[in-house]
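What follows is the content of upload.txt, which has compact mmCIF, C-alpha atoms and all ligand atoms:
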```txt
# COMPACT_ATOMS: atom_id res chain seq x y z
CA MET P 1 8.71 57.30 106.29
CA SER P 2 8.02 57.82 102.59
CA GLU P 3 8.38 61.31 101.16
CA GLU P 4 4.77 61.08 100.01
CA LEU P 5 3.55 60.61 103.59
CA LYS P 6 5.92 63.24 105.00
CA LYS P 7 4.18 65.80 102.79
CA TYR P 8 0.97 65.28 104.72
CA ARG P 9 2.52 65.16 108.17
CA PHE P 10 2.56 68.17 110.48
CA THR P 11 4.63 68.14 113.63
CA GLY P 12 4.64 71.82 114.51
CA ASP P 13 7.56 72.90 112.29
CA GLY P 14 6.09 73.80 108.92
CA LYS P 15 2.89 75.74 108.46
CA PHE P 16 -0.25 74.12 107.08
CA ASN P 17 -1.94 76.27 104.49
CA ILE P 18 -5.35 74.91 103.63
CA SER P 19 -5.90 77.02 100.54
CA SER P 20 -2.84 75.60 98.77
CA PHE P 21 -3.49 71.97 99.73
CA ASP P 22 -4.31 69.65 96.80
CA ARG P 23 -7.31 67.62 97.98
CA ALA P 24 -7.41 65.63 94.73
CA ASP P 25 -3.80 64.51 95.07
CA THR P 26 -3.18 60.81 94.41
CA GLY P 27 0.57 60.95 94.99
CA SER P 28 2.66 58.85 92.67
CA PHE P 29 -0.33 56.78 91.52
CA SER P 30 -2.23 57.35 88.32
CA GLY P 31 -5.02 54.96 89.30
CA ARG P 32 -6.29 52.69 92.02
CA ASP P 33 -5.11 49.45 90.42
CA GLU P 34 -1.54 50.50 91.08
CA ALA P 35 -2.33 51.02 94.77
CA VAL P 36 -4.06 47.71 95.56
CA ASP P 37 -0.87 45.72 96.19
CA GLU P 38 0.48 48.18 98.69
CA PHE P 39 -2.89 48.54 100.41
CA ILE P 40 -3.14 44.78 100.91
CA ALA P 41 0.42 44.60 102.20
CA ASN P 42 -0.37 47.40 104.65
CA LEU P 43 -3.46 45.61 105.98
CA HIS P 44 -1.33 42.52 106.58
CA GLU P 45 1.31 44.60 108.32
CA ILE P 46 -1.29 46.34 110.50
CA ASN P 47 -2.63 42.95 111.55
CA ARG P 48 0.85 41.66 112.35
CA LEU P 49 1.82 44.74 114.35
CA GLN P 50 -1.44 44.78 116.30
CA GLN P 51 -0.81 41.22 117.48
CA LYS P 52 2.52 42.36 118.88
CA LEU P 53 1.09 45.57 120.36
CA TYR P 54 -1.57 43.57 122.18
CA ALA P 55 0.90 40.95 123.38
CA ALA P 56 3.43 43.54 124.58
CA ARG P 57 0.82 45.61 126.51
CA ARG P 58 3.23 48.50 126.94
CA GLU P 59 1.61 51.32 125.03
CA GLY P 60 -1.84 52.32 123.76
CA VAL P 61 -2.66 54.41 120.73
CA ILE P 62 -5.53 56.63 119.64
CA PHE P 63 -6.27 57.37 116.00
CA ILE P 64 -8.42 60.48 115.77
CA PHE P 65 -10.46 61.21 112.66
CA GLN P 66 -11.77 64.66 111.86
CA ALA P 67 -13.39 65.85 108.65
CA MET P 68 -16.23 67.70 107.03
CA ASP P 69 -19.33 65.55 106.37
CA ALA P 70 -19.06 62.96 103.60
CA ALA P 71 -15.26 63.08 103.59
CA GLY P 72 -15.20 59.30 104.04
CA LYS P 73 -14.35 58.80 107.74
CA ASP P 74 -16.56 55.76 108.14
CA GLY P 75 -15.28 54.03 104.99
CA VAL P 76 -11.66 54.67 105.93
CA ILE P 77 -12.20 53.26 109.43
CA ARG P 78 -14.15 50.25 108.16
CA THR P 79 -11.50 49.27 105.64
CA VAL P 80 -8.15 50.25 107.13
CA PHE P 81 -8.86 48.64 110.51
CA SER P 82 -10.62 45.61 109.04
CA THR P 83 -7.84 43.15 109.79
CA LEU P 84 -7.57 44.06 113.46
CA SER P 85 -8.66 41.59 116.07
CA PRO P 86 -11.78 42.98 117.82
CA HIS P 87 -10.37 42.36 121.28
CA GLY P 88 -7.69 44.99 120.94
CA VAL P 89 -9.62 47.79 119.28
CA LYS P 90 -12.63 49.97 119.90
CA GLU P 91 -14.22 52.73 117.86
CA TYR P 92 -15.90 55.65 119.60
CA CYS P 93 -18.22 57.98 117.67
CA PHE P 94 -18.49 61.33 119.40
CA LYS P 95 -21.70 63.17 118.62
CA VAL P 96 -23.29 66.34 119.96
CA PRO P 97 -22.62 66.16 123.72
CA SER P 98 -25.51 64.98 125.90
CA SER P 99 -26.77 67.19 128.71
CA VAL P 100 -24.70 65.17 131.20
CA GLU P 101 -21.59 65.58 129.03
CA GLN P 102 -22.26 69.28 128.63
CA SER P 103 -22.42 69.71 132.36
CA HIS P 104 -18.74 68.69 132.56
CA ASP P 105 -15.56 70.11 131.05
CA TYR P 106 -15.17 69.30 127.35
CA LEU P 107 -12.45 66.64 127.85
CA TRP P 108 -14.42 64.72 130.47
CA ARG P 109 -16.18 62.34 128.09
CA PHE P 110 -12.91 61.19 126.51
CA TRP P 111 -11.27 59.75 129.60
CA SER P 112 -13.33 56.58 129.57
CA ALA P 113 -12.48 56.05 125.90
CA LEU P 114 -8.72 56.07 126.39
CA PRO P 115 -7.16 52.75 125.35
CA ALA P 116 -5.63 50.31 127.82
CA LYS P 117 -1.97 49.51 127.17
CA GLY P 118 -1.76 47.32 124.07
CA ASN P 119 -5.09 48.55 122.75
CA ILE P 120 -6.16 50.86 119.96
CA SER P 121 -8.94 53.44 120.28
CA ILE P 122 -10.41 54.97 117.16
CA PHE P 123 -12.04 58.33 117.75
CA ASN P 124 -14.57 59.05 115.02
CA ARG P 125 -14.67 62.78 115.84
CA SER P 126 -13.18 63.90 119.13
CA TYR P 127 -12.41 66.84 121.42
CA TYR P 128 -11.26 68.62 118.27
CA GLU P 129 -14.96 69.26 117.60
CA ASP P 130 -14.68 71.77 120.42
CA VAL P 131 -12.32 73.89 118.30
CA LEU P 132 -14.23 73.16 115.05
CA VAL P 133 -18.01 73.23 115.36
CA GLY P 134 -17.49 74.73 118.83
CA ARG P 135 -15.50 77.59 117.34
CA VAL P 136 -17.61 78.12 114.21
CA HIS P 137 -20.79 78.49 116.29
CA SER P 138 -19.22 79.85 119.52
CA LEU P 139 -20.96 77.03 121.39
CA TYR P 140 -19.33 77.92 124.71
CA LYS P 141 -21.78 80.83 124.87
CA ASN P 142 -24.60 78.33 125.47
CA GLN P 143 -22.99 77.16 128.70
CA LEU P 144 -22.85 78.66 132.16
CA TRP P 145 -19.41 79.55 133.53
CA PRO P 146 -18.06 80.74 136.84
CA LYS P 147 -18.08 84.52 136.96
CA ARG P 148 -14.27 84.55 137.11
CA LEU P 149 -14.14 82.90 133.68
CA GLU P 150 -16.87 84.80 131.93
CA ASP P 151 -14.52 86.94 129.87
CA ASN P 152 -12.25 84.06 128.91
CA ASP P 153 -11.32 83.40 125.33
CA PHE P 154 -12.42 79.79 125.63
CA ILE P 155 -11.52 78.65 122.13
CA SER P 156 -7.95 79.93 122.08
CA ASP P 157 -7.33 78.43 125.53
CA ARG P 158 -8.41 75.03 124.24
CA TYR P 159 -5.53 74.62 121.78
CA SER P 160 -2.93 74.67 124.51
CA GLN P 161 -5.13 72.59 126.82
CA ILE P 162 -5.37 69.93 124.10
CA VAL P 163 -1.61 69.99 123.45
CA ASN P 164 -1.02 69.56 127.19
CA PHE P 165 -3.59 66.75 127.38
CA GLU P 166 -1.92 64.88 124.51
CA GLN P 167 1.53 65.43 126.01
CA TYR P 168 0.24 64.01 129.29
CA LEU P 169 -1.10 60.97 127.44
CA TYR P 170 2.18 60.48 125.58
CA ASP P 171 4.16 60.74 128.81
CA THR P 172 1.94 58.14 130.47
CA GLY P 173 1.98 55.56 127.68
CA THR P 174 -0.65 56.54 125.11
CA ARG P 175 0.06 57.98 121.69
CA VAL P 176 -2.36 60.23 119.87
CA VAL P 177 -2.27 60.39 116.08
CA LYS P 178 -4.63 62.79 114.35
CA ILE P 179 -5.98 62.43 110.84
CA PHE P 180 -7.84 65.16 108.98
CA LEU P 181 -9.57 63.86 105.85
CA ASN P 182 -9.52 66.95 103.71
CA VAL P 183 -12.30 66.82 101.11
CA SER P 184 -13.15 69.64 98.70
CA LYS P 185 -16.44 71.50 98.69
CA GLU P 186 -17.14 70.27 95.14
CA GLU P 187 -16.52 66.63 96.04
CA GLN P 188 -18.74 67.00 99.11
CA ALA P 189 -21.52 68.28 96.82
CA ARG P 190 -21.07 65.26 94.51
CA ARG P 191 -21.25 62.86 97.47
CA PHE P 192 -24.35 64.58 98.90
CA ILE P 193 -26.03 64.23 95.49
CA SER P 194 -25.07 60.57 95.33
CA ARG P 195 -26.63 60.06 98.80
CA ILE P 196 -29.87 61.59 97.51
CA ASP P 197 -29.85 59.68 94.21
CA THR P 198 -28.96 56.24 95.60
CA PRO P 199 -31.76 54.62 97.66
CA LYS P 200 -29.38 52.56 99.79
CA LYS P 201 -27.48 55.70 100.71
CA ASN P 202 -30.61 57.75 101.57
CA TRP P 203 -30.17 56.99 105.27
CA LYS P 204 -27.02 59.10 105.23
CA VAL P 205 -28.80 62.25 104.01
CA SER P 206 -28.88 64.89 106.73
CA SER P 207 -30.29 68.40 106.60
CA GLY P 208 -27.81 69.30 109.34
CA ASP P 209 -24.93 68.49 106.97
CA MET P 210 -26.35 70.94 104.41
CA ALA P 211 -26.63 73.62 107.07
CA GLU P 212 -22.99 73.19 108.13
CA ARG P 213 -21.90 73.38 104.48
CA ASP P 214 -23.00 77.02 104.52
CA TYR P 215 -20.18 77.69 107.00
CA TRP P 216 -17.53 76.08 104.77
CA ASP P 217 -15.06 78.97 104.91
CA GLU P 218 -15.33 79.30 108.68
CA TYR P 219 -14.71 75.57 109.01
CA MET P 220 -11.65 75.75 106.77
CA ASP P 221 -10.21 78.51 108.97
CA ALA P 222 -10.93 76.40 112.02
CA PHE P 223 -9.25 73.30 110.51
CA GLU P 224 -6.19 75.29 109.47
CA THR P 225 -5.80 76.84 112.92
CA MET P 226 -6.38 73.48 114.60
CA VAL P 227 -3.57 71.82 112.62
CA ASN P 228 -1.19 74.71 113.15
CA LYS P 229 -1.81 75.04 116.86
CA THR P 230 -1.97 71.40 117.92
CA SER P 231 0.61 69.57 115.77
CA THR P 232 3.52 68.28 117.78
CA ALA P 233 6.34 65.81 117.18
CA HIS P 234 4.70 63.24 119.45
CA SER P 235 1.16 63.94 118.34
CA PRO P 236 1.28 64.88 114.66
CA TRP P 237 -1.58 65.84 112.41
CA TYR P 238 -1.82 64.12 109.05
CA VAL P 239 -3.80 66.07 106.49
CA VAL P 240 -5.00 63.50 103.98
CA PRO P 241 -6.26 64.40 100.50
CA ALA P 242 -9.76 62.91 100.52
CA ASP P 243 -11.31 63.59 97.11
CA SER P 244 -10.13 60.16 95.97
CA LYS P 245 -11.52 57.53 98.33
CA TRP P 246 -8.97 54.85 97.46
CA TYR P 247 -6.03 57.22 97.89
CA ALA P 248 -7.35 58.41 101.27
CA ARG P 249 -7.66 54.77 102.38
CA LEU P 250 -4.19 53.93 101.15
CA THR P 251 -2.72 56.99 102.88
CA VAL P 252 -4.43 56.23 106.18
CA SER P 253 -3.19 52.63 105.98
CA ARG P 254 0.31 54.05 105.57
CA ILE P 255 -0.16 56.29 108.60
CA VAL P 256 -1.30 53.38 110.76
CA VAL P 257 1.61 51.19 109.61
CA GLU P 258 4.07 54.02 110.21
CA THR P 259 2.70 54.73 113.69
CA LEU P 260 2.71 51.09 114.78
CA ARG P 261 6.22 50.61 113.38
CA GLU P 262 7.41 53.63 115.31
CA MET P 263 5.93 52.12 118.46
CA ALA P 264 7.94 48.98 117.63
CA PRO P 265 6.00 46.50 119.74
CA GLU P 266 7.67 43.15 120.42
CA TYR P 267 6.38 39.90 121.84
CA PRO P 268 7.38 39.82 125.51
CA ASP P 269 10.41 37.75 126.46
CA VAL P 270 9.99 34.62 128.52
CA ASP P 271 12.13 34.80 131.64
CA GLU P 272 13.95 31.90 133.24
CA ALA P 273 11.26 31.09 135.79
CA GLU P 274 8.57 31.10 133.10
CA ALA P 275 10.68 28.97 130.78
CA LYS P 276 11.05 26.41 133.57
CA LEU P 277 7.31 26.39 134.17
CA PHE P 278 6.66 26.05 130.42
CA ALA P 279 8.91 23.00 130.27
CA GLU P 280 7.18 21.39 133.25
CA ASN P 281 3.74 22.06 131.85
CA ARG P 282 4.74 20.82 128.44
CA ALA P 283 6.02 17.58 129.90
CA LYS P 284 2.75 17.09 131.81
CA LEU P 285 0.62 17.76 128.72
CA ALA P 286 2.78 15.57 126.52
CA ALA P 287 2.48 12.72 129.05
CA GLU P 288 -1.28 13.18 129.11
CA LEU P 289 -1.42 12.89 125.33
CA GLY P 290 1.15 10.12 125.25
CA ILE P 291 3.40 12.02 122.88
CA SER P 292 7.08 12.84 122.90
CA ASP P 293 8.45 15.31 125.39
CA ALA P 294 10.84 16.77 122.81
CA PRO P 295 9.42 20.08 121.58
CA ALA P 296 11.42 20.32 118.35
CA GLU P 297 10.19 17.07 116.82
CA PRO P 298 6.56 16.81 115.93
CA ALA P 299 6.32 13.06 116.72
CA GLU P 300 3.00 12.25 115.12
CA LYS P 301 1.84 13.57 111.83
CA PRO P 302 -1.87 14.32 111.98
CA LYS P 303 -3.95 12.07 109.74
CA LYS P 304 -4.71 13.70 106.43
CA GLU P 305 -8.42 14.35 106.14
CA LYS P 306 -10.17 15.26 102.94
CA LYS P 307 -10.69 19.03 102.91
CA THR P 308 -14.11 20.44 102.07
CA LYS P 309 -14.50 23.71 100.19
CA ALA P 310 -15.48 25.46 103.44
CA ASP P 311 -12.34 24.13 105.14
CA LYS P 312 -10.25 25.68 102.40
CA VAL P 313 -12.05 29.02 102.63
CA PHE P 314 -11.62 29.21 106.39
CA ALA P 315 -8.03 28.06 106.21
CA LYS P 316 -7.34 30.90 103.84
CA ALA P 317 -9.08 33.43 106.11
CA ASP P 318 -7.09 32.11 109.06
CA SER P 319 -3.90 32.56 107.14
CA VAL P 320 -4.44 36.31 107.22
CA THR P 321 -4.48 36.47 110.97
CA GLU P 322 -2.22 33.62 112.00
CA ASP P 323 0.13 32.24 109.40
CA ILE P 324 1.29 35.68 108.39
CA ILE P 325 2.69 36.21 111.88
CA LYS P 326 5.05 33.30 111.37
CA ASP P 327 6.01 34.25 107.86
CA GLU P 328 7.93 37.42 108.37
CA GLU P 329 10.40 36.91 105.53
CA GLU P 330 10.07 39.28 102.62
CA GLY P 331 9.82 36.61 99.93
CA LYS P 332 6.78 35.03 101.49
CA ILE P 333 5.01 38.38 101.83
CA LYS P 334 5.72 39.15 98.17
CA LYS P 335 4.15 35.86 97.16
CA GLU P 336 1.07 36.64 99.22
CA LYS P 337 0.76 40.07 97.68
CA LYS P 338 0.75 38.45 94.27
CA SER P 339 -2.00 36.00 95.05
CA ALA P 340 -4.01 38.65 96.90
CA LYS P 341 -3.76 40.85 93.84
CA LYS P 342 -5.17 38.02 91.75
CA ALA P 343 -7.98 37.63 94.27
CA SER P 344 -8.69 41.35 94.27
CA LYS P 345 -9.37 41.18 90.57
CA ALA P 346 -11.68 38.18 90.83
CA PRO P 347 -15.40 38.70 90.26
CA ALA P 348 -17.47 39.45 93.39
CA ASP P 349 -19.07 36.00 93.57
CA ASP P 350 -15.78 34.14 93.24
CA ASP P 351 -14.73 33.03 96.72
CA SER P 352 -11.33 31.78 95.66
CA GLY P 353 -9.70 34.70 97.46
CA PHE P 354 -12.09 34.67 100.37
CA ASP P 355 -10.06 36.15 103.15
CA ALA P 356 -10.72 39.36 105.01
CA VAL P 357 -7.95 41.27 103.32
CA SER P 358 -8.84 40.61 99.72
CA VAL P 359 -12.55 41.16 100.31
CA ILE P 360 -11.93 44.48 102.01
CA ALA P 361 -9.24 45.53 99.58
CA ARG P 362 -11.46 44.82 96.62
CA GLU P 363 -14.22 46.97 98.09
CA ALA P 364 -11.96 49.69 99.45
CA MET P 365 -10.14 50.35 96.24
CA SER P 366 -13.32 50.68 94.16
P1 LIG P 401 -22.10 60.02 109.84
O1 LIG P 401 -22.85 61.21 109.35
O2 LIG P 401 -21.17 59.44 108.84
O3 LIG P 401 -22.95 58.98 110.50
P2 LIG P 401 -21.03 61.79 111.77
O4 LIG P 401 -19.77 61.76 112.55
O5 LIG P 401 -21.21 62.97 110.86
O6 LIG P 401 -21.11 60.46 110.99
P3 LIG P 401 -23.49 62.59 112.90
O7 LIG P 401 -24.36 62.00 113.94
O8 LIG P 401 -24.05 62.89 111.57
O9 LIG P 401 -22.21 61.68 112.78
O10 LIG P 401 -22.87 63.94 113.44
C1 LIG P 401 -22.28 64.08 114.66
C2 LIG P 401 -22.37 65.55 114.96
O11 LIG P 401 -21.94 65.74 116.29
C3 LIG P 401 -21.50 66.39 114.05
O12 LIG P 401 -22.25 67.38 113.45
C4 LIG P 401 -20.51 67.02 115.03
O13 LIG P 401 -20.14 68.32 114.68
C5 LIG P 401 -21.31 66.99 116.32
N1 LIG P 401 -20.44 67.09 117.49
C6 LIG P 401 -19.48 66.24 117.89
N2 LIG P 401 -18.84 66.72 118.98
C7 LIG P 401 -19.42 67.89 119.27
C8 LIG P 401 -19.22 68.87 120.27
N3 LIG P 401 -18.29 68.73 121.20
N4 LIG P 401 -20.00 69.96 120.28
C9 LIG P 401 -20.95 70.11 119.35
N5 LIG P 401 -21.21 69.23 118.37
C10 LIG P 401 -20.45 68.14 118.34
MG MG P 402 -22.94 63.35 109.66
```

Take the structure in this file and express it as structure tokens.
Amino acid sequence: MSEELKKYRFTGDGKFNISSFDRADTGSFSGRDEAVDEFIANLHEINRLQQKLYAARREGVIFIFQAMDAAGKDGVIRTVFSTLSPHGVKEYCFKVPSSVEQSHDYLWRFWSALPAKGNISIFNRSYYEDVLVGRVHSLYKNQLWPKRLEDNDFISDRYSQIVNFEQYLYDTGTRVVKIFLNVSKEEQARRFISRIDTPKKNWKVSSGDMAERDYWDEYMDAFETMVNKTSTAHSPWYVVPADSKWYARLTVSRIVVETLREMAPEYPDVDEAEAKLFAENRAKLAAELGISDAPAEPAEKPKKEKKTKADKVFAKADSVTEDIIKDEEEGKIKKEKKSAKKASKAPADDDSGFDAVSVIAREAMS
């Protein structure tokens, strides 16, 4: 793991001090143009690792996102996970609990959102709300409790309950990685103004967000305590500087790459019985097509057809999700980075670099 990422990672050893955290940090980069190459490479790597994770079906992973309003959760999720195949990933947005949810314990609504082995769940807000907004407004007071629990310190109990819950998940095959997008109060004000001033962002304006802003200091205390009480080696918190959108996106892409690499998924091996069956099936199919039964030699070269512009565009898009899997060697990846960089600098109406990665990277790093 890079030193730059280690700085933001909390595993329960060091203490997180929110007042000394630099939310405008952009690490070793002086501008976004320097970060595009790495961002694109990370999106490719995330795609490649997800294919393996899904194929291996041994472990699931949850990426939790917590932040003050307008910190950029939605943009980070949209861009960093953009190269994932939809069948292996699901995003869950947890809002104010419904009356049914409130009539259960606070972890109840999360069970059905846990990922199957090989899958990724993205929690856009989570049970950590119960030690954030729940703590700031003492929401537990609005609920009825058994008499034996009435004097409980509900909030402080929750930290250890959450740690135990995440340990249970880890022990049973699901990792939990937590990401706090740490935006400054000034930057939040600028983004709220931009939402008011820009017609196509008006739908994001919320009076509730303004009301919560009045509790800024209480929220900061709650975030600091949350990180310090629930960071563990298996379930770390990453506190990400979020005043620069492109740096936050780059950092989260690094976190996802790092996590998936640590999980080290591999395509499952084919055992002897399967290999025998494969050979039999291959022979049958080859006979049906009237082609050679020797796998290594592609007997017939497909006829060369004239490619249309659309063919080329789709071929390029496919290369992001398929060809890259085959081309693991470093040199090839470097070449791709170079051409993707060229594409990322192309004007918006130029479809010469029309694959998911360059489109997203171009937007994400702006
Ligand atoms: P966006 O504003 O970008 O659409 P959002 O996550 O802010 O995304 P909103 O619908 O605006 O979505 O807000 C969700 C609200 O739900 C937040 O204010 C959050 O604090 C609240 N919430 C989530 N979980 C709980 C909980 N357990 N108890 C009370 N409030 C909760
Ligand atoms: Mg909101």

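Comparing the minimum interatomic distances between ligand MG 402 (chain P) and each of P:Ser160, P:Gln143, P:Ser206, P:Gln102, counting all atoms listed in the file, we find that P:Ser206 sits nearest.
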
Step by step, measure atom-to-atom distances between ligand LIG 401 (chain P) and each residue using all atoms listed in the file, keep those at most 8 Å, then write them as a short mmCIF file (atom, residue, chain, number, x, y, z; two decimals) with C-alpha atoms, keeping the file's coordinate frame.
```
data_model
loop_
_atom_site.label_atom_id
_atom_site.label_comp_id
_atom_site.auth_asym_id
_atom_site.auth_seq_id
_atom_site.Cartn_x
_atom_site.Cartn_y
_atom_site.Cartn_z
CA MET P 68 -16.23 67.70 107.03
CA ASP P 69 -19.33 65.55 106.37
CA ALA P 70 -19.06 62.96 103.60
CA GLY P 72 -15.20 59.30 104.04
CA LYS P 73 -14.35 58.80 107.74
CA ASP P 74 -16.56 55.76 108.14
CA CYS P 93 -18.22 57.98 117.67
CA PHE P 94 -18.49 61.33 119.40
CA LYS P 95 -21.70 63.17 118.62
CA VAL P 96 -23.29 66.34 119.96
CA PRO P 97 -22.62 66.16 123.72
CA TYR P 106 -15.17 69.30 127.35
CA ASN P 124 -14.57 59.05 115.02
CA ARG P 125 -14.67 62.78 115.84
CA SER P 126 -13.18 63.90 119.13
CA TYR P 127 -12.41 66.84 121.42
CA TYR P 128 -11.26 68.62 118.27
CA GLU P 129 -14.96 69.26 117.60
CA ASP P 130 -14.68 71.77 120.42
CA LEU P 132 -14.23 73.16 115.05
CA VAL P 133 -18.01 73.23 115.36
CA GLY P 134 -17.49 74.73 118.83
CA LEU P 139 -20.96 77.03 121.39
CA LYS P 204 -27.02 59.10 105.23
CA SER P 206 -28.88 64.89 106.73
CA GLY P 208 -27.81 69.30 109.34
CA ASP P 209 -24.93 68.49 106.97
CA GLU P 212 -22.99 73.19 108.13
#
```

*Residues near region 183-185 of chain P, cut-off 12 Å, all atoms listed in the file, skip fewer than 5 positions along chain, as a count of residues only*: 38

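Counting only C-alpha atoms and all ligand atoms and comparing P:Ile255, P:Ala275, P:Ala41, P:Val205, the residue that lies closest to ligand MG 402 (chain P) is P:Val205.
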
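Taking CA of Val131 (chain P) and CA of Thr232 (chain P) as the two end points, the separation is 16.8 Å.
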
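Going from CA of Val136 (chain P) to CA of Ser231 (chain P) covers 20.2 Å.
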
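Nearest to ligand MG 402 (chain P) of all the residues P:Arg282, P:Phe63, P:Arg195, P:Leu250 is P:Arg195, counting all atoms listed in the file.
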
*In Å, rounded to a single decimal, give me how far CA of Pro268 (chain P) is from CA of Tyr92 (chain P).*
28.8 Å

*Hey, which of P:Asn281, P:Gln188, P:Thr259, P:Ser235 ends up closest to ligand MG 402 (chain P)? Count all atoms listed in the file.*
P:Gln188
